[in-house]
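**Q** Compact mmCIF, C-alpha atoms, saved as input-v1.txt, coming up:
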# COMPACT_ATOMS: atom_id res chain seq x y z
CA ALA R 299 -18.48 -7.21 -2.54
CA ALA R 300 -18.23 -8.08 1.12
CA ASP R 301 -18.06 -11.23 3.20
CA ALA R 302 -20.34 -10.43 6.13
CA GLU R 303 -21.39 -13.90 7.27
CA GLN R 304 -19.57 -13.23 10.54
CA ILE R 305 -19.97 -9.59 11.45
CA ASP R 306 -16.80 -9.39 13.52
CA GLN R 307 -14.82 -10.59 10.47
CA ALA R 308 -16.56 -8.57 7.74
CA VAL R 309 -14.19 -7.93 4.82
CA VAL R 310 -14.82 -5.55 1.90
CA PHE R 311 -13.17 -6.47 -1.41
CA SER R 312 -13.63 -6.06 -5.17
CA PRO R 313 -14.32 -9.12 -7.38
CA LEU R 314 -13.07 -7.08 -10.39
CA GLY R 315 -9.54 -6.74 -9.03
CA PRO R 316 -7.58 -5.28 -6.13
CA LEU R 317 -8.70 -2.04 -4.52
CA THR R 318 -6.31 0.80 -3.78
CA ARG R 319 -5.85 2.03 -0.21
CA ASP R 320 -7.87 5.18 -1.03
CA GLU R 321 -10.72 3.10 -2.45
CA LEU R 322 -10.75 0.84 0.60
CA ASP R 323 -10.81 3.83 2.97
CA LEU R 324 -13.72 5.26 0.96
CA VAL R 325 -15.96 2.19 1.31
CA GLU R 326 -14.84 0.97 4.77
CA GLU R 327 -16.81 3.59 6.66
CA PRO R 328 -19.21 3.52 9.63
CA GLY R 329 -22.79 2.54 8.87
CA ASN R 330 -22.11 -0.08 6.20
CA SER R 331 -25.51 -0.91 4.69
CA LEU R 332 -24.67 -4.64 4.87
CA LEU R 333 -24.20 -4.44 8.63
CA VAL R 334 -26.76 -1.95 9.97
CA ASP R 335 -29.37 -4.68 10.51
CA HIS R 336 -27.21 -5.84 13.42
CA LEU R 337 -28.54 -2.78 15.28
CA LEU R 338 -31.82 -4.67 15.73
CA PRO R 339 -32.65 -6.34 19.07
CA GLY R 340 -33.15 -9.84 17.62
CA LYS R 341 -36.45 -10.21 19.45
CA LYS R 342 -39.82 -8.48 19.72
CA VAL R 343 -39.79 -5.20 21.63
CA SER R 344 -42.46 -2.70 22.60
CA VAL R 345 -42.48 1.06 22.11
CA GLY R 346 -40.27 2.61 24.77
CA GLN R 347 -38.33 -0.61 25.43
CA LYS R 348 -34.50 -0.50 25.49
CA TRP R 349 -31.76 -3.00 24.60
CA LYS R 350 -27.97 -3.23 24.53
CA LEU R 351 -26.02 -3.95 21.35
CA GLN R 352 -23.69 -6.94 21.06
CA THR R 353 -20.06 -5.88 21.36
CA LYS R 354 -18.93 -7.89 18.31
CA ALA R 355 -21.35 -5.94 16.09
CA LEU R 356 -19.96 -2.54 17.08
CA GLY R 357 -16.46 -2.81 15.61
CA PRO R 358 -17.37 -3.23 11.92
CA LEU R 359 -20.38 -0.92 12.28
CA PHE R 360 -18.29 1.97 13.53
CA ALA R 361 -14.97 1.24 11.75
CA LEU R 362 -13.13 -0.15 14.78
CA GLU R 363 -10.82 -3.17 14.56
CA ALA R 364 -11.45 -4.09 18.20
CA VAL R 365 -13.89 -3.03 20.92
CA ASN R 366 -12.75 -3.00 24.56
CA GLU R 367 -15.78 -1.51 26.29
CA SER R 368 -19.16 -0.28 25.13
CA GLU R 369 -22.15 1.42 26.64
CA ILE R 370 -24.50 1.56 23.66
CA GLU R 371 -28.23 1.53 24.28
CA CYS R 372 -31.06 1.50 21.75
CA ARG R 373 -34.68 2.49 22.39
CA LEU R 374 -37.73 1.93 20.22
CA LYS R 375 -39.18 5.45 20.00
CA SER R 376 -42.29 4.80 17.92
CA VAL R 377 -43.91 2.80 15.13
CA GLU R 378 -45.66 4.80 12.45
CA LYS R 379 -46.46 4.48 8.73
CA GLY R 380 -44.75 1.12 8.45
CA LEU R 381 -41.54 2.33 10.08
CA ALA R 382 -40.12 1.48 13.49
CA ILE R 383 -38.06 4.49 14.66
CA VAL R 384 -35.16 3.76 17.00
CA TYR R 385 -32.84 6.06 18.95
CA LEU R 386 -29.27 5.02 19.81
CA GLN R 387 -26.87 6.62 22.27
CA GLY R 388 -23.70 5.79 24.17
CA LYS R 389 -19.94 5.43 23.86
CA ILE R 390 -17.37 2.89 22.70
CA SER R 391 -13.69 2.47 23.48
CA GLY R 392 -11.63 0.34 21.14
CA ALA R 393 -8.71 0.35 18.73
CA VAL R 394 -7.90 1.12 15.09
CA GLY R 395 -4.50 0.12 13.73
CA GLY R 396 -3.55 -0.83 17.28
CA VAL R 397 -4.06 2.67 18.72
CA SER R 398 -6.81 3.61 21.16
CA SER R 399 -10.04 5.25 20.03
CA GLU R 400 -12.95 6.62 22.04
CA ILE R 401 -16.25 7.36 20.31
CA ASN R 402 -19.39 9.04 21.64
CA LEU R 403 -22.46 8.23 19.54
CA VAL R 404 -25.91 9.69 19.01
CA ALA R 405 -27.93 8.03 16.24
CA LYS R 406 -31.39 7.44 14.85
CA TYR R 407 -32.51 4.77 12.42
CA ASN R 408 -35.68 3.47 10.77
CA PHE R 409 -36.66 -0.16 10.35
CA ASP R 410 -38.96 -0.81 7.37
CA LEU R 411 -41.56 -3.32 8.57
CA ASP R 412 -42.43 -4.44 5.04
CA ARG R 413 -38.87 -4.85 3.74
CA LYS R 414 -37.64 -6.25 7.07
CA ARG R 415 -34.48 -4.18 7.15
CA VAL R 416 -33.00 -0.86 8.29
CA SER R 417 -33.84 1.65 5.55
CA TRP R 418 -32.32 4.84 7.02
CA PHE R 419 -29.52 5.49 9.48
CA ALA R 420 -28.08 8.79 10.74
CA VAL R 421 -25.31 9.11 13.32
CA SER R 422 -23.18 11.80 14.94
CA MET R 423 -19.79 10.46 16.08
CA LYS R 424 -17.34 12.35 18.24
CA GLU R 425 -14.07 10.42 18.06
CA LYS R 426 -10.76 10.90 19.85
CA ARG R 427 -8.05 8.66 18.39
CA SER R 428 -4.38 8.43 19.34
CA ILE R 429 -1.57 8.95 16.82
CA GLY R 430 -0.47 5.74 15.10
CA HIS R 431 2.66 4.65 13.18
CA ALA R 432 0.92 5.06 9.83
CA GLN R 433 -2.09 7.26 10.56
CA PRO R 434 -2.64 10.65 12.21
CA GLY R 435 -4.53 11.09 15.45
CA LEU R 436 -8.11 12.37 15.42
CA ASN R 437 -10.25 14.65 17.53
CA VAL R 438 -13.27 15.11 15.30
CA THR R 439 -17.04 15.12 15.14
CA ALA R 440 -18.41 13.37 12.05
CA ARG R 441 -21.99 13.06 10.85
CA LEU R 442 -23.21 10.37 8.49
CA GLN R 443 -26.51 9.52 6.85
CA MET R 444 -27.22 6.28 5.01
CA ALA R 445 -30.39 5.29 3.18
CA THR R 446 -31.34 2.15 1.26
CA SER R 447 -34.03 1.84 -1.38
CA LYS R 448 -35.40 -0.98 -3.45
CA ALA R 449 -34.23 -0.80 -7.07
CA SER R 450 -36.76 -1.69 -9.74
CA GLN R 451 -34.16 -2.84 -12.28
CA VAL R 452 -30.54 -3.82 -11.68
CA PRO R 453 -29.20 -5.08 -15.04
CA GLU R 454 -25.58 -4.88 -13.82
CA LEU R 455 -26.22 -7.68 -11.32
CA ASN R 456 -27.83 -10.28 -13.56
CA GLY R 457 -26.82 -13.90 -13.10
CA GLU R 458 -24.92 -14.09 -16.37
CA LEU R 459 -22.49 -11.35 -15.37
CA LEU R 460 -22.13 -12.54 -11.78
CA ALA R 461 -21.19 -16.02 -12.98
CA ASP R 462 -17.86 -14.66 -14.27
CA LEU R 463 -16.95 -12.97 -10.98
CA ASN R 464 -15.14 -14.48 -8.02
CA LEU R 465 -17.38 -13.56 -5.09
CA GLU R 466 -15.49 -15.68 -2.57
CA GLN R 467 -13.24 -13.78 -0.19
CA ASP R 468 -9.70 -15.20 -0.10
CA GLU R 469 -6.16 -14.00 0.53
CA ALA R 470 -5.70 -12.71 -3.04
CA SER R 471 -8.95 -10.71 -3.05
CA CYS R 472 -7.82 -8.84 0.09
CA LEU R 473 -4.62 -7.50 -1.51
CA LEU R 474 -4.40 -3.80 -2.34
CA GLU R 475 -2.85 -2.20 -5.40
CA PHE R 476 -0.09 0.32 -4.79
CA ALA R 477 0.74 2.33 -7.91
CA SER R 478 3.20 5.21 -7.96
CA ARG R 479 3.28 7.07 -11.23
CA ASN R 480 5.69 9.50 -9.58
CA ALA R 481 8.30 6.84 -8.80
CA GLY R 482 7.24 4.65 -11.74
CA PHE R 483 6.16 1.27 -10.39
CA GLN R 484 3.19 -0.68 -9.09
CA MET R 485 2.65 -3.81 -7.01
CA LEU R 486 0.21 -5.66 -4.76
CA VAL R 487 0.46 -5.23 -0.99
CA GLY R 488 -1.31 -6.64 2.04
CA ARG R 489 -3.65 -4.46 4.07
CA ASN R 490 -1.02 -4.06 6.79
CA TRP R 491 1.01 -1.86 4.43
CA HIS R 492 0.39 1.90 4.57
CA THR R 493 1.83 4.57 2.26
CA MET R 494 3.72 7.31 4.09
CA ILE R 495 5.51 9.06 1.19
CA ASP R 496 5.00 8.92 -2.57
CA ARG R 497 7.43 11.21 -4.37
CA GLU R 498 9.43 11.07 -7.59
CA ASP R 499 12.61 10.19 -5.70
CA VAL R 500 11.18 7.72 -3.18
CA ALA R 501 8.07 5.91 -1.97
CA VAL R 502 7.92 4.84 1.68
CA LEU R 503 5.52 2.23 3.06
CA ARG R 504 5.13 0.97 6.61
CA TYR R 505 4.03 -2.47 7.75
CA VAL R 506 1.88 -2.06 10.87
CA ASP R 507 0.57 -5.11 12.72
CA ARG R 508 -1.76 -4.68 15.72
CA GLY R 509 -0.42 -1.18 16.29
CA ASP R 510 3.27 -2.15 16.15
CA LEU R 511 5.59 -0.82 13.46
CA VAL R 512 7.06 -4.07 12.15
CA ALA R 513 8.96 -2.87 9.06
CA GLN R 514 9.50 0.00 6.66
CA CYS R 515 9.91 -0.31 2.89
CA ASN R 516 11.75 2.32 0.81
CA LEU R 517 11.42 2.09 -2.98
CA SER R 518 13.16 4.29 -5.53
CA GLN R 519 14.10 4.39 -9.19
CA LEU R 520 17.77 3.90 -10.03
CA PRO R 521 19.60 5.47 -13.01
CA GLU R 522 19.75 3.23 -16.05
CA LEU R 523 23.10 1.57 -16.64
CA ALA R 524 25.13 2.40 -19.71
CA LYS R 525 24.96 -0.18 -22.49
CA ASN R 526 26.88 -3.32 -21.55
CA GLU R 527 27.79 -1.82 -18.15
CA PRO R 528 28.03 -4.76 -15.71
CA PHE R 529 26.24 -4.77 -12.36
CA GLY R 530 26.19 -8.05 -10.52
CA MET R 531 25.85 -9.47 -7.04
CA GLU R 532 29.37 -8.58 -5.98
CA GLN R 533 28.93 -4.90 -6.83
CA PHE R 534 25.45 -4.88 -5.25
CA GLN R 535 26.86 -6.18 -1.97
CA GLN R 536 29.68 -3.63 -2.08
CA ASP R 537 27.11 -0.86 -2.49
CA ILE R 538 25.13 -2.19 0.51
CA LYS R 539 28.25 -2.23 2.72
CA ARG R 540 29.06 1.32 1.64
CA ILE R 541 25.50 2.53 2.39
CA LEU R 542 25.29 0.84 5.79
CA ASP R 543 28.84 1.91 6.65
CA GLU R 544 29.55 1.43 10.37
CA ASN R 545 26.06 -0.05 10.93
CA PHE R 546 26.91 -3.10 8.79
CA GLY R 547 27.42 -6.40 10.59
CA GLU R 548 27.29 -9.28 8.12
CA PHE R 549 25.52 -10.64 5.08
CA VAL R 550 22.98 -13.34 5.96
CA THR R 551 21.85 -14.56 2.52
CA ALA R 552 22.18 -13.55 -1.13
CA SER R 553 20.23 -14.85 -4.13
CA GLU R 554 19.17 -14.04 -7.69
CA SER R 555 15.89 -14.86 -9.45
CA GLN R 556 13.58 -13.85 -12.24
CA THR R 557 9.91 -12.89 -11.86
CA ASP R 558 7.08 -14.03 -14.12
CA GLU R 559 7.30 -10.61 -15.80
CA GLY R 560 10.92 -11.21 -16.75
CA LEU R 561 12.45 -8.89 -14.15
CA HIS R 562 15.90 -9.79 -12.86
CA VAL R 563 15.93 -9.65 -9.05
CA MET R 564 18.90 -9.66 -6.69
CA ARG R 565 18.06 -10.11 -2.99
CA VAL R 566 20.53 -9.60 -0.17
CA VAL R 567 19.78 -9.91 3.55
CA ALA R 568 22.11 -8.09 5.93
CA SER R 569 22.25 -7.63 9.69
CA GLY R 570 23.86 -5.00 11.87
CA THR R 571 23.19 -2.47 14.58
CA VAL R 572 21.89 1.08 14.77
CA SER R 573 22.40 2.82 18.11
CA ASP R 574 23.06 -0.60 19.70
CA LEU R 575 19.72 -1.95 18.36
CA PRO R 576 19.98 -5.13 16.21
CA ILE R 577 18.57 -4.40 12.73
CA HIS R 578 17.64 -6.68 9.82
CA TRP R 579 17.74 -5.31 6.24
CA VAL R 580 16.43 -6.94 3.06
CA TYR R 581 17.83 -5.26 -0.06
CA TYR R 582 16.45 -5.77 -3.56
CA HIS R 583 17.83 -4.68 -6.92
CA ILE R 584 15.20 -5.03 -9.68
CA ALA R 585 15.90 -4.55 -13.40
CA ASN R 586 13.99 -5.15 -16.62
CA PRO R 587 15.48 -6.05 -20.05
CA ALA R 588 15.05 -2.44 -21.23
CA GLY R 589 17.43 -1.19 -18.54
CA ARG R 590 15.03 0.31 -16.01
CA ARG R 591 16.10 -0.36 -12.43
CA ALA R 592 14.65 0.03 -8.96
CA SER R 593 15.86 -0.33 -5.40
CA CYS R 594 13.68 -1.75 -2.63
CA VAL R 595 14.85 -1.88 0.99
CA PHE R 596 12.97 -3.45 3.90
CA THR R 597 14.17 -2.42 7.37
CA MET R 598 13.07 -3.94 10.68
CA GLU R 599 14.30 -4.73 14.16
CA SER R 600 15.81 -8.21 14.28
CA SER R 601 13.32 -9.22 16.97
CA LEU R 602 10.42 -8.57 14.56
CA VAL R 603 11.62 -10.74 11.65
CA ASP R 604 9.24 -13.58 12.56
CA ARG R 605 6.25 -11.21 12.60
CA PHE R 606 7.27 -9.89 9.17
CA GLU R 607 6.90 -13.46 7.86
CA GLY R 608 8.60 -12.83 4.53
CA ALA R 609 6.11 -10.13 3.46
CA ASP R 610 8.74 -8.83 1.04
CA HIS R 611 8.28 -11.82 -1.31
CA SER R 612 4.65 -11.03 -2.22
CA LEU R 613 5.51 -7.39 -2.95
CA ILE R 614 8.46 -8.16 -5.17
CA SER R 615 6.73 -11.01 -7.03
CA SER R 616 4.00 -8.57 -8.12
CA PHE R 617 6.35 -5.65 -8.84
CA ARG R 618 5.86 -3.92 -12.21
CA PHE R 619 7.51 -0.91 -13.80
CA ALA R 620 4.81 1.62 -14.72
CA GLU R 621 4.44 4.71 -16.85
CA LEU R 622 6.00 7.80 -15.30
CA THR R 623 4.26 11.15 -14.90
CA ALA R 624 5.56 13.89 -17.22
CA THR R 625 7.48 15.51 -14.36
CA ALA R 626 9.03 12.24 -13.22
CA ALA R 627 9.96 11.33 -16.81
CA LYS R 628 11.79 14.66 -17.20
CA GLY R 629 13.64 14.01 -13.96
CA GLU R 630 14.70 10.57 -15.11
CA ALA R 631 15.90 11.95 -18.45
CA ALA R 632 17.96 14.58 -16.62
CA THR R 633 19.51 11.85 -14.46
CA LYS R 634 20.57 9.92 -17.58
CA ARG R 635 22.34 12.98 -18.94
Show how you would write the structure in this file as structure tokens.
**A**
Amino acid sequence: AADAEQIDQAVVFSPLGPLTRDELDLVEEPGNSLLVDHLLPGKKVSVGQKWKLQTKALGPLFALEAVNESEIECRLKSVEKGLAIVYLQGKISGAVGGVSSEINLVAKYNFDLDRKRVSWFAVSMKEKRSIGHAQPGLNVTARLQMATSKASQVPELNGELLADLNLEQDEASCLLEFASRNAGFQMLVGRNWHTMIDREDVAVLRYVDRGDLVAQCNLSQLPELAKNEPFGMEQFQQDIKRILDENFGEFVTASESQTDEGLHVMRVVASGTVSDLPIHWVYYHIANPAGRRASCVFTMESSLVDRFEGADHSLISSFRFAELTATAAKGEAATKR
């Protein structure tokens, strides 16, 4: 589903549950069939007449988060056999993930006069994008074709089935599912989180806001404790001081809680310096009744704490231990021995 009432705020989401990052990247592509009608002039035009596209329509149409400048011009080439054929050409400069992007476009699309909508769209995009904190740079030419057709029967979309679905876009519907069978856990994350590493020993995510690297999250499995072996807040804080070593400054807060899934959570906030830069760490120790444990560490510059806005709480509240892959399970068994 998608909320496209305001084109410059179009959001794609699934009413059946959270998408993964890969699924979102697959469907959030240029030429969204819900948005291509915004290529139309919004008024009557004659064959050969030209018009400029509205800037706010270009971002979602061509997978840009913001548009700085655009020189996109459309021209009605002909009208034949119930189709108005339009040529599009020009360039856009904007941003994706806070990094600059320049796109040169050549496109052609058909408007079905009977159905009153764009029925076919083909575009060649040459994009040059800078390297970001969570995404590689691009210098690529991509070609895309999109076609729509009227379906005679759509039993999957009958009113009875749709009545049970939440089709309203809200904060929860925009969350993404992050599942690591290698490291053995899953959770819900906001769309600002991007996966950098997903290995058996560690998963690394980065929180990027408007192009700025706000925080990094490192998650890893911990060896199970021996039966009746104690591990409490005091030992957890001692481990943190040992890990941070000379970078440690002071403990800010420390607390314990239990999630709805019955996981015991210890949370410790520490501050210190790295190369004279003030740093803020949020350490989590997560354990279930069966003895499985995980470590989760959020690291950020102290000046960015307000922009982080406690994003760690939503991740940890949705944290679940998951089934391990065969390779990861062997590794965990070896660690126990």
**Q** What gap, in Å, lies between atom CA of R:Val595 and atom CA of R:Ser428?
**A**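 Separation between atom CA of R:Val595 and atom CA of R:Ser428: 28.5 Å.
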**Q** Identify the residues around (4.2, -14.9, 1.0) within a radius of 12 Å, measuring from all atoms listed in the file in the coordinates stated by the file, and give them as a VMD selection string.
**A** chain R and resid 469 to 470 473 486 to 488 606 to 616
**Q** One decimal, in Å: what's the spacing between atom CA of R:Ala481 and atom CA of R:Cys515?
**A** 13.8 Å
**Q** Nearest to R:Pro521 among R:Ser593, R:Asn545, R:Ser368, R:Thr571, with distances taken over all atoms listed in the file: which residue is it?
**A** R:Ser593
**Q** One decimal, in Å: what's the spacing between atom CA of R:Lys406 and atom CA of R:Phe311?
**A**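 Spanning atom CA of R:Lys406 to atom CA of R:Phe311 is a straight-line distance of 28.1 Å.
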**Q** Leaving out R:Val343 and any residue of its chain fewer than 3 positions from it, which residues lie within 12 Å of it when counting all atoms listed in the file, given as a PyMOL selection string?
**A** chain R and resi 338-340+346-349+372-377+382+384
**Q** Looking at all atoms listed in the file, which of R:Met423, R:Val603, R:Ala552, R:Val438 is the one that sits closest to R:Val512?
**A**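 Nearest candidate to R:Val512 out of R:Met423, R:Val603, R:Ala552, R:Val438: R:Val603.
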**Q** Between R:Glu400, R:Glu475, R:Glu425, R:Asp410, which has the minimum distance to R:Leu317 (counting only C-alpha atoms)?
**A**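 That would be R:Glu475, the residue with the smallest distance to R:Leu317.
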**Q** Which residues, written as a PDB file with C-alpha atoms, keeping the file's coordinate frame, have at least one atom at most 9 Å from R:Gly357, with only C-alpha atoms counted and residues fewer than 3 positions away on the same chain left out?
**A**
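Output file selection28.pdb is given in full below:
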ATOM      1  CA  ILE R 305     -19.970  -9.590  11.450  1.00  0.00           C
ATOM      2  CA  ASP R 306     -16.800  -9.390  13.520  1.00  0.00           C
ATOM      3  CA  THR R 353     -20.060  -5.880  21.360  1.00  0.00           C
ATOM      4  CA  LYS R 354     -18.930  -7.890  18.310  1.00  0.00           C
ATOM      5  CA  PHE R 360     -18.290   1.970  13.530  1.00  0.00           C
ATOM      6  CA  ALA R 361     -14.970   1.240  11.750  1.00  0.00           C
ATOM      7  CA  LEU R 362     -13.130  -0.150  14.780  1.00  0.00           C
ATOM      8  CA  GLU R 363     -10.820  -3.170  14.560  1.00  0.00           C
ATOM      9  CA  ALA R 364     -11.450  -4.090  18.200  1.00  0.00           C
ATOM     10  CA  VAL R 365     -13.890  -3.030  20.920  1.00  0.00           C
ATOM     11  CA  GLY R 392     -11.630   0.340  21.140  1.00  0.00           C
ATOM     12  CA  ALA R 393      -8.710   0.350  18.730  1.00  0.00           C
TER      13      ALA R 393
END
**Q** Within 7 Å of stretch 578-585 of chain R, counting only C-alpha atoms, which residues qualify if same-chain residues fewer than 4 places away don't, as an mmCIF file with C-alpha atoms, in the coordinates of the input?
**A**
data_model
loop_
_atom_site.group_PDB
_atom_site.id
_atom_site.type_symbol
_atom_site.label_atom_id
_atom_site.label_comp_id
_atom_site.auth_asym_id
_atom_site.auth_seq_id
_atom_site.Cartn_x
_atom_site.Cartn_y
_atom_site.Cartn_z
ATOM 1 C CA LEU R 561 12.450 -8.890 -14.150
ATOM 2 C CA HIS R 562 15.900 -9.790 -12.860
ATOM 3 C CA VAL R 563 15.930 -9.650 -9.050
ATOM 4 C CA MET R 564 18.900 -9.660 -6.690
ATOM 5 C CA ARG R 565 18.060 -10.110 -2.990
ATOM 6 C CA VAL R 566 20.530 -9.600 -0.170
ATOM 7 C CA VAL R 567 19.780 -9.910 3.550
ATOM 8 C CA ALA R 568 22.110 -8.090 5.930
ATOM 9 C CA SER R 569 22.250 -7.630 9.690
ATOM 10 C CA GLY R 570 23.860 -5.000 11.870
ATOM 11 C CA GLY R 589 17.430 -1.190 -18.540
ATOM 12 C CA ARG R 590 15.030 0.310 -16.010
ATOM 13 C CA ARG R 591 16.100 -0.360 -12.430
ATOM 14 C CA ALA R 592 14.650 0.030 -8.960
ATOM 15 C CA SER R 593 15.860 -0.330 -5.400
ATOM 16 C CA CYS R 594 13.680 -1.750 -2.630
ATOM 17 C CA VAL R 595 14.850 -1.880 0.990
ATOM 18 C CA PHE R 596 12.970 -3.450 3.900
ATOM 19 C CA THR R 597 14.170 -2.420 7.370
ATOM 20 C CA MET R 598 13.070 -3.940 10.680
ATOM 21 C CA GLU R 599 14.300 -4.730 14.160
ATOM 22 C CA SER R 600 15.810 -8.210 14.280
#
**Q** Might you pull out every residue within 6 Å of stretch 402-404 of chain R, with all atoms listed in the file counted and same-chain residues fewer than 5 positions away left off, and present them as a list of chain:residue names?
**A**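 Surrounding residues, per the criterion: R:Leu386, R:Gln387, R:Gly388, R:Lys389, R:Val421, R:Ser422, R:Met423, R:Lys424.
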**Q** Please provide the set of residues having any atom within 8 Å of R:Glu621, restricted to only C-alpha atoms, with same-chain residues fewer than 5 positions apart removed, written as a list in words.
**A**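 Contacts, with the query itself left out: Arg479, Gly482 and Phe483 of chain R.
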**Q** From the list R:Leu356, R:Ala432, R:Ala524, R:Leu381, which residue is nearest R:Asp412 when using only C-alpha atoms?
**A**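 Nearest candidate to R:Asp412 out of R:Leu356, R:Ala432, R:Ala524, R:Leu381: R:Leu381.
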**Q** Considering all atoms listed in the file, state which residue in the set R:Asn516, R:Ser344, R:Gln535, R:Gln433 is at the smallest distance from R:Glu548.
**A**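 Comparing R:Asn516, R:Ser344, R:Gln535, R:Gln433 against R:Glu548, the winner is R:Gln535.
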**Q** Kindly provide, as a list in words, the polymer residues lying within 12 Å of (6.7, -1.3, 14.6), counting all atoms listed in the file and using the coordinates exactly as they appear in the file.
**A**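 Looking at atoms near the point gives Gly395, Gly396, Gly430, His431, Ala432, Asn490, Trp491, Arg504, Tyr505, Val506, Asp507, Arg508, Gly509, Asp510, Leu511, Val512, Ala513, Gln514, Thr597, Met598, Glu599, Ser600, Ser601, Leu602, Val603, Arg605 and Phe606 of chain R.
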